[in-house]
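What follows is input.cif (mmCIF, C-alpha atoms).
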```
data_upload
#
loop_
_atom_site.group_PDB
_atom_site.id
_atom_site.type_symbol
_atom_site.label_atom_id
_atom_site.label_comp_id
_atom_site.auth_asym_id
_atom_site.auth_seq_id
_atom_site.Cartn_x
_atom_site.Cartn_y
_atom_site.Cartn_z
ATOM 1 C CA MET P 256 129.378 94.125 132.002
ATOM 2 C CA SER P 257 128.698 93.197 128.450
ATOM 3 C CA ALA P 258 125.798 91.012 127.467
ATOM 4 C CA ALA P 259 126.599 87.952 129.497
ATOM 5 C CA ARG P 260 125.272 84.713 128.306
ATOM 6 C CA GLY P 261 123.942 81.862 130.296
ATOM 7 C CA GLY P 262 123.054 84.115 133.199
ATOM 8 C CA ALA P 263 119.784 82.667 134.372
ATOM 9 C CA ALA P 264 119.688 85.122 137.264
ATOM 10 C CA ASP P 265 116.559 86.813 135.947
ATOM 11 C CA GLY P 266 114.437 83.884 136.939
ATOM 12 C CA ALA P 267 113.435 83.319 133.342
ATOM 13 C CA PRO P 268 115.452 80.657 131.612
ATOM 14 C CA ASP P 269 118.072 82.036 129.271
ATOM 15 C CA ASP P 270 118.191 79.796 126.254
ATOM 16 C CA GLY P 271 120.765 81.934 124.502
ATOM 17 C CA ASP P 272 118.569 83.330 121.747
ATOM 18 C CA PRO P 273 119.291 87.068 121.548
ATOM 19 C CA ALA P 274 115.838 88.017 120.262
ATOM 20 C CA ASP P 275 114.312 86.006 123.046
ATOM 21 C CA ALA P 276 116.221 88.048 125.589
ATOM 22 C CA VAL P 277 115.281 91.293 123.864
ATOM 23 C CA LEU P 278 111.599 90.445 123.675
ATOM 24 C CA ARG P 279 111.486 89.234 127.222
ATOM 25 C CA ALA P 280 113.171 92.437 128.306
ATOM 26 C CA LEU P 281 110.602 94.467 126.364
ATOM 27 C CA ALA P 282 107.665 92.578 127.820
ATOM 28 C CA ASP P 283 107.665 94.796 130.900
ATOM 29 C CA GLN P 284 106.280 98.314 130.942
ATOM 30 C CA HIS P 285 108.853 99.588 133.450
ATOM 31 C CA ARG P 286 111.662 98.420 131.238
ATOM 32 C CA ARG P 287 110.075 99.998 128.183
ATOM 33 C CA GLN P 288 109.793 103.214 130.162
ATOM 34 C CA ILE P 289 113.470 103.015 131.065
ATOM 35 C CA LEU P 290 114.324 102.729 127.390
ATOM 36 C CA ARG P 291 112.263 105.816 126.648
ATOM 37 C CA LEU P 292 114.087 107.684 129.416
ATOM 38 C CA VAL P 293 117.557 106.920 128.121
ATOM 39 C CA ARG P 294 116.639 107.471 124.496
ATOM 40 C CA GLY P 295 117.661 111.101 124.781
ATOM 41 C CA GLY P 296 121.068 110.332 126.267
ATOM 42 C CA GLU P 297 123.024 108.647 128.983
ATOM 43 C CA LEU P 298 121.519 108.636 132.489
ATOM 44 C CA ALA P 299 122.781 107.502 135.885
ATOM 45 C CA ALA P 300 120.994 104.646 137.610
ATOM 46 C CA GLY P 301 119.812 107.016 140.341
ATOM 47 C CA GLU P 302 118.276 109.439 137.867
ATOM 48 C CA ILE P 303 116.444 106.601 136.187
ATOM 49 C CA ALA P 304 115.212 105.277 139.530
ATOM 50 C CA SER P 305 113.861 108.720 140.470
ATOM 51 C CA HIS P 306 111.229 108.303 137.758
ATOM 52 C CA PHE P 307 109.773 105.221 139.397
ATOM 53 C CA ASP P 308 107.943 104.410 142.594
ATOM 54 C CA ALA P 309 109.735 101.087 142.703
ATOM 55 C CA THR P 310 112.739 100.496 144.922
ATOM 56 C CA GLN P 311 116.174 101.248 143.549
ATOM 57 C CA GLN P 312 116.856 97.553 143.783
ATOM 58 C CA ALA P 313 113.913 96.750 141.536
ATOM 59 C CA VAL P 314 114.984 99.390 139.028
ATOM 60 C CA SER P 315 118.518 98.082 139.164
ATOM 61 C CA HIS P 316 117.195 94.634 138.332
ATOM 62 C CA HIS P 317 115.360 96.028 135.298
ATOM 63 C CA LEU P 318 118.556 97.780 134.189
ATOM 64 C CA GLN P 319 120.464 94.535 134.412
ATOM 65 C CA VAL P 320 117.848 92.698 132.362
ATOM 66 C CA LEU P 321 117.986 95.397 129.692
ATOM 67 C CA ALA P 322 121.781 95.419 129.673
ATOM 68 C CA ARG P 323 121.946 91.652 129.392
ATOM 69 C CA ALA P 324 119.507 91.754 126.488
ATOM 70 C CA GLY P 325 121.823 94.201 124.731
ATOM 71 C CA LEU P 326 119.336 97.051 124.853
ATOM 72 C CA LEU P 327 121.368 99.197 127.224
ATOM 73 C CA ARG P 328 125.040 100.012 127.395
ATOM 74 C CA GLU P 329 126.378 100.259 130.882
ATOM 75 C CA ARG P 330 129.490 102.084 132.018
ATOM 76 C CA ARG P 331 130.917 103.121 135.325
ATOM 77 C CA ASP P 332 131.925 106.619 136.259
ATOM 78 C CA GLY P 333 133.383 106.374 139.730
ATOM 79 C CA ALA P 334 130.612 105.095 141.948
ATOM 80 C CA ARG P 335 127.942 105.858 139.390
ATOM 81 C CA ARG P 336 126.615 103.479 136.824
ATOM 82 C CA LEU P 337 125.561 105.181 133.627
ATOM 83 C CA TYR P 338 123.168 103.724 131.110
ATOM 84 C CA ALA P 339 122.578 104.580 127.471
ATOM 85 C CA LEU P 340 120.453 103.060 124.766
ATOM 86 C CA ASP P 341 122.323 100.619 122.581
ATOM 87 C CA PRO P 342 121.236 101.480 119.037
ATOM 88 C CA HIS P 343 121.793 97.935 117.844
ATOM 89 C CA GLY P 344 119.867 96.395 120.686
ATOM 90 C CA LEU P 345 116.664 96.132 118.737
ATOM 91 C CA ASP P 346 118.201 94.524 115.668
ATOM 92 C CA PRO P 347 117.104 91.047 116.731
ATOM 93 C CA VAL P 348 113.532 92.284 116.978
ATOM 94 C CA ARG P 349 113.646 93.510 113.423
ATOM 95 C CA GLU P 350 114.533 90.009 112.408
ATOM 96 C CA VAL P 351 111.368 88.842 114.099
ATOM 97 C CA LEU P 352 109.438 90.556 111.335
ATOM 98 C CA SER P 353 110.653 87.874 108.991
ATOM 99 C CA GLU P 354 108.630 85.398 110.978
ATOM 100 C CA LEU P 355 105.868 87.803 111.903
ATOM 101 C CA TRP P 356 104.237 87.810 108.488
ATOM 102 C CA PRO P 357 104.122 84.075 107.794
ATOM 103 C CA THR P 358 102.704 83.519 111.266
ATOM 104 C CA ALA P 359 100.191 86.351 110.924
ATOM 105 C CA LEU P 360 99.050 85.228 107.476
ATOM 106 C CA GLU P 361 98.471 81.717 108.760
ATOM 107 C CA ARG P 362 96.277 83.232 111.431
ATOM 108 C CA LEU P 363 94.471 85.308 108.785
ATOM 109 C CA LYS P 364 93.826 82.145 106.809
ATOM 110 C CA TYR P 365 92.401 80.449 109.871
ATOM 111 C CA VAL P 366 90.190 83.410 110.806
ATOM 112 C CA VAL P 367 88.828 83.960 107.297
ATOM 113 C CA GLU P 368 88.162 80.290 106.702
ATOM 114 C CA GLN P 369 86.400 79.966 110.055
ATOM 115 C CA ASP P 370 84.353 82.989 109.091
ATOM 116 C CA GLN P 371 83.447 81.368 105.774
ATOM 117 C CA LEU P 372 82.227 78.295 107.611
ATOM 118 C CA THR P 373 79.946 80.228 109.911
ATOM 119 C CA THR P 374 78.538 82.627 107.323
ATOM 120 C CA THR P 375 77.997 79.940 104.700
ATOM 121 C CA THR P 376 76.101 77.607 106.970
ATOM 122 C CA ALA P 377 72.536 77.842 105.717
ATOM 123 C CA PRO P 378 72.289 79.996 102.555
ATOM 124 C CA LYS P 379 73.414 78.261 99.387
ATOM 125 C CA ASN P 380 75.511 75.147 99.309
ATOM 126 C CA ALA P 381 75.328 73.939 102.871
ATOM 127 C CA GLY P 382 72.978 71.333 104.218
ATOM 128 C CA ARG P 383 73.082 69.387 100.988
ATOM 129 C CA GLN P 384 75.348 66.595 101.898
ATOM 130 C CA PRO P 385 73.967 63.150 101.115
ATOM 131 C CA MET W 195 124.569 93.411 103.857
ATOM 132 C CA THR W 196 121.951 96.013 104.580
ATOM 133 C CA ALA W 197 120.588 96.429 101.063
ATOM 134 C CA PRO W 198 116.818 96.846 101.159
ATOM 135 C CA GLU W 199 115.052 93.847 99.787
ATOM 136 C CA ALA W 200 111.439 92.819 99.979
ATOM 137 C CA LEU W 201 110.579 90.185 102.471
ATOM 138 C CA THR W 202 107.754 88.031 101.179
ATOM 139 C CA ALA W 203 105.133 85.814 102.715
ATOM 140 C CA THR W 204 102.356 83.971 100.954
ATOM 141 C CA VAL W 205 99.282 82.073 102.014
ATOM 142 C CA ARG W 206 96.376 80.404 100.210
ATOM 143 C CA ILE W 207 93.008 81.098 101.759
ATOM 144 C CA GLY W 208 89.769 79.309 100.953
ATOM 145 C CA ALA W 209 87.712 82.449 100.335
ATOM 146 C CA PRO W 210 87.327 85.033 97.558
ATOM 147 C CA PRO W 211 89.402 88.257 97.699
ATOM 148 C CA ALA W 212 86.332 90.336 98.564
ATOM 149 C CA ASP W 213 85.927 88.362 101.795
ATOM 150 C CA ILE W 214 89.589 88.771 102.725
ATOM 151 C CA PHE W 215 90.203 92.386 101.819
ATOM 152 C CA PRO W 216 88.238 93.835 104.783
ATOM 153 C CA TYR W 217 90.729 92.144 107.108
ATOM 154 C CA PHE W 218 93.291 94.708 105.951
ATOM 155 C CA ILE W 219 91.172 97.831 106.366
ATOM 156 C CA ASP W 220 88.734 97.181 109.229
ATOM 157 C CA PRO W 221 90.348 97.490 112.678
ATOM 158 C CA ALA W 222 88.043 94.936 114.305
ATOM 159 C CA LEU W 223 88.917 92.411 111.610
ATOM 160 C CA LEU W 224 92.604 93.274 111.412
ATOM 161 C CA ILE W 225 93.217 92.557 115.074
ATOM 162 C CA GLN W 226 91.745 89.112 114.664
ATOM 163 C CA TRP W 227 94.939 88.099 112.947
ATOM 164 C CA ILE W 228 97.552 90.657 113.931
ATOM 165 C CA GLY W 229 97.924 92.889 116.936
ATOM 166 C CA GLU W 230 95.730 93.764 119.873
ATOM 167 C CA TRP W 231 94.630 97.254 118.898
ATOM 168 C CA ALA W 232 94.306 99.095 115.601
ATOM 169 C CA ASP W 233 93.235 102.470 114.317
ATOM 170 C CA LEU W 234 92.788 102.449 110.566
ATOM 171 C CA CYS W 235 91.665 105.095 108.132
ATOM 172 C CA PRO W 236 91.616 103.224 104.841
ATOM 173 C CA GLU W 237 92.236 105.954 102.308
ATOM 174 C CA PRO W 238 95.476 107.158 100.725
ATOM 175 C CA GLY W 239 97.331 109.122 103.406
ATOM 176 C CA GLY W 240 95.017 107.723 106.098
ATOM 177 C CA VAL W 241 96.405 106.437 109.341
ATOM 178 C CA PHE W 242 97.531 102.847 109.802
ATOM 179 C CA ALA W 243 98.182 102.339 113.510
ATOM 180 C CA LEU W 244 98.602 98.953 115.104
ATOM 181 C CA ASN W 245 99.841 97.754 118.465
ATOM 182 C CA PHE W 246 101.080 94.226 118.800
ATOM 183 C CA SER W 247 103.322 92.378 121.179
ATOM 184 C CA ASN W 248 104.174 95.595 122.982
ATOM 185 C CA THR W 249 105.211 97.251 119.741
ATOM 186 C CA ALA W 250 103.503 100.336 118.344
ATOM 187 C CA VAL W 251 103.457 100.218 114.571
ATOM 188 C CA ARG W 252 102.611 103.470 112.854
ATOM 189 C CA GLY W 253 102.184 104.246 109.202
ATOM 190 C CA GLU W 254 99.718 105.323 106.594
ATOM 191 C CA TYR W 255 97.847 103.799 103.726
ATOM 192 C CA VAL W 256 99.466 104.487 100.404
ATOM 193 C CA GLU W 257 97.182 102.644 98.045
ATOM 194 C CA ILE W 258 93.812 100.957 98.443
ATOM 195 C CA ASP W 259 92.401 99.028 95.541
ATOM 196 C CA PRO W 260 89.696 96.670 96.829
ATOM 197 C CA PRO W 261 89.628 93.760 96.710
ATOM 198 C CA ARG W 262 92.978 93.161 95.087
ATOM 199 C CA ARG W 263 95.685 95.333 96.511
ATOM 200 C CA VAL W 264 96.509 97.404 99.566
ATOM 201 C CA VAL W 265 99.748 99.197 100.417
ATOM 202 C CA PHE W 266 100.662 100.832 103.716
ATOM 203 C CA THR W 267 103.808 102.095 105.385
ATOM 204 C CA TRP W 268 105.147 100.430 108.504
ATOM 205 C CA GLY W 269 107.466 101.745 111.177
ATOM 206 C CA VAL W 270 107.975 102.036 114.891
ATOM 207 C CA PRO W 271 108.172 105.522 116.436
ATOM 208 C CA GLY W 272 111.410 106.070 118.291
ATOM 209 C CA LYS W 273 113.070 103.083 116.759
ATOM 210 C CA ASP W 274 116.058 104.280 114.776
ATOM 211 C CA SER W 275 116.292 101.090 112.809
ATOM 212 C CA LEU W 276 112.655 101.154 111.743
ATOM 213 C CA PRO W 277 111.205 104.690 111.866
ATOM 214 C CA PRO W 278 107.650 105.334 110.600
ATOM 215 C CA GLY W 279 107.568 105.604 106.844
ATOM 216 C CA SER W 280 110.827 103.702 106.434
ATOM 217 C CA THR W 281 109.267 100.471 105.209
ATOM 218 C CA THR W 282 106.248 99.586 103.105
ATOM 219 C CA VAL W 283 103.935 96.606 103.195
ATOM 220 C CA GLU W 284 102.252 95.629 99.956
ATOM 221 C CA VAL W 285 99.479 93.043 99.928
ATOM 222 C CA VAL W 286 98.207 91.480 96.717
ATOM 223 C CA LEU W 287 95.134 89.244 96.625
ATOM 224 C CA THR W 288 94.859 87.033 93.558
ATOM 225 C CA PRO W 289 91.860 84.737 93.039
ATOM 226 C CA ASP W 290 92.691 81.151 92.213
ATOM 227 C CA GLY W 291 89.545 79.120 91.670
ATOM 228 C CA PRO W 292 87.542 79.284 94.898
ATOM 229 C CA ASP W 293 90.654 80.332 96.797
ATOM 230 C CA THR W 294 92.761 83.452 97.038
ATOM 231 C CA ILE W 295 96.523 83.670 97.033
ATOM 232 C CA VAL W 296 97.580 86.355 99.477
ATOM 233 C CA GLU W 297 101.050 87.682 98.774
ATOM 234 C CA LEU W 298 102.660 90.089 101.179
ATOM 235 C CA PHE W 299 105.795 92.049 100.373
ATOM 236 C CA HIS W 300 107.519 94.015 103.095
ATOM 237 C CA HIS W 301 109.767 96.472 101.274
ATOM 238 C CA GLY W 302 112.669 98.413 102.710
ATOM 239 C CA LEU W 303 113.701 96.163 105.570
ATOM 240 C CA PRO W 304 117.414 95.745 106.065
ATOM 241 C CA VAL W 305 118.432 92.259 105.050
ATOM 242 C CA GLU W 306 120.990 91.266 107.646
ATOM 243 C CA GLU W 307 120.749 87.699 108.738
ATOM 244 C CA ARG W 308 117.019 87.505 108.820
ATOM 245 C CA ASP W 309 116.868 84.174 107.071
ATOM 246 C CA SER W 310 118.776 82.446 109.793
ATOM 247 C CA HIS W 311 117.094 81.283 112.963
ATOM 248 C CA LEU W 312 113.756 81.182 111.188
ATOM 249 C CA GLU W 313 112.676 78.052 112.935
ATOM 250 C CA GLY W 314 113.137 79.497 116.359
ATOM 251 C CA TRP W 315 110.966 82.516 115.746
ATOM 252 C CA THR W 316 107.608 80.817 115.713
ATOM 253 C CA THR W 317 107.996 79.289 119.133
ATOM 254 C CA MET W 318 109.515 82.498 120.400
ATOM 255 C CA LEU W 319 106.602 84.576 119.156
ATOM 256 C CA GLY W 320 104.156 82.172 120.715
ATOM 257 C CA ARG W 321 105.920 82.650 124.001
ATOM 258 C CA LEU W 322 105.855 86.388 123.523
ATOM 259 C CA GLU W 323 102.140 86.381 122.856
ATOM 260 C CA ARG W 324 101.541 84.557 126.094
ATOM 261 C CA LEU W 325 103.760 87.052 127.877
ATOM 262 C CA SER W 326 101.955 90.047 126.501
ATOM 263 C CA ARG W 327 98.474 88.813 127.259
#
```
Can you turn what I pasted into structure tokens?
Amino acid sequence: MSAARGGAADGAPDDGDPADAVLRALADQHRRQILRLVRGGELAAGEIASHFDATQQAVSHHLQVLARAGLLRERRDGARRLYALDPHGLDPVREVLSELWPTALERLKYVVEQDQLTTTTAPKNAGRQP
Amino acid sequence: MTAPEALTATVRIGAPPADIFPYFIDPALLIQWIGEWADLCPEPGGVFALNFSNTAVRGEYVEIDPPRRVVFTWGVPGKDSLPPGSTTVEVVLTPDGPDTIVELFHHGLPVEERDSHLEGWTTMLGRLERLSR
């Protein structure tokens, strides 16, 4: 199954933004651990599940979320489902950096200017308003 | 298509450079505006480690020239598209009257279609922050 769109089966609404799907997929430590597991090469669903205490069904759900987000490639080998890291899966996240900095700098501005307000309260100029 | 090109962001802050510079070298101050955890050793070759939104950013300081300029590398271990050392962030603080213009250049990022979808990212990041809290 290739990255299906419009599949709202994950419970979270799928609004069709690929980075959204990627980031949502990454916002779970089990799924991040799965990605680390398959980084070295293709693994069967069962092998992946053996690393977790969770049920196979739960792991299978995580695999589906990752596959839908484009982070994993899935292929069948007989009855087995094999998963590998999709090297382009994180591309949308890289694009996020383009918005990361403007957003972060706005926050920096807010924090510094708040800090100026609190540290400049009494000393020199403050308290002089007519 | 994938030619490296600096990504830039600029902001004007109502404070002198000396009051802003520490926010790039002091972990407790840095995480007030980016990330949730930081380990910083502000000297050339010193570690620049930052975790934000479930991403581990690792790099090192390249240049520290208080209060005007700081340069550090930026990458994500295990991420083929953005390995540690692959990109560089350069921050320049220029006084302008009582304010400071903060210019940030992120060098070495692949271009791709990063300029599209810009509007969606802010809301998406806000959602992500709530998720990762």
Item to check | the PyMOL selection byres ((chain W and resi 227) around 6) resolved against shown file, as a count of residues only | outcome: 7
Next on the checklist: Using Å and a single decimal, report how far CA of Val205 (chain W) sits from CA of Leu372 (chain P).
Outcome noted: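 It comes out at 18.3 Å.
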Checklist entry - Separation of CA of Pro278 (chain W) and CA of Arg286 (chain P), in Å? => result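 The value is 22.1 Å.
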Checklist entry - Quick one: distance from CA of Val241 (chain W) to CA of Val366 (chain P) in Å, one decimal? => result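 Pair CA of Val241 (chain W) / CA of Val366 (chain P) returns 23.9 Å.
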Contacts of region 334-345 of chain P within 6 Å, all atoms listed in the file, excl. fewer than 2 positions in-chain, as a compact mmCIF listing (two decimals) with C-alpha atoms, keeping the file's coordinate frame:
```
# COMPACT_ATOMS: atom_id res chain seq x y z
CA VAL P 293 117.56 106.92 128.12
CA ARG P 294 116.64 107.47 124.50
CA GLU P 297 123.02 108.65 128.98
CA LEU P 298 121.52 108.64 132.49
CA ALA P 299 122.78 107.50 135.88
CA ALA P 300 120.99 104.65 137.61
CA GLY P 325 121.82 94.20 124.73
CA LEU P 326 119.34 97.05 124.85
CA LEU P 327 121.37 99.20 127.22
CA ARG P 328 125.04 100.01 127.40
CA GLU P 329 126.38 100.26 130.88
CA ARG P 330 129.49 102.08 132.02
CA ARG P 331 130.92 103.12 135.32
CA ASP P 332 131.93 106.62 136.26
CA PRO P 347 117.10 91.05 116.73
CA VAL P 348 113.53 92.28 116.98
```
Next on the checklist: Ranking W:Gly239, W:Gly279, W:Pro260, W:Pro292 by minimum distance to chain P and counting all atoms listed in the file, which one comes first?
Outcome noted: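 Comparing W:Gly239, W:Gly279, W:Pro260, W:Pro292 against chain P, the winner is W:Pro292.
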Item to check | Evaluate the PyMOL selection byres ((chain W and resi 261) around 7) and report residues as a list in words | outcome: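 Here the PyMOL selection byres ((chain W and resi 261) around 7) matches Pro211, Ala212, Phe215, Asp259, Pro260, Arg262 and Arg263 of chain W.
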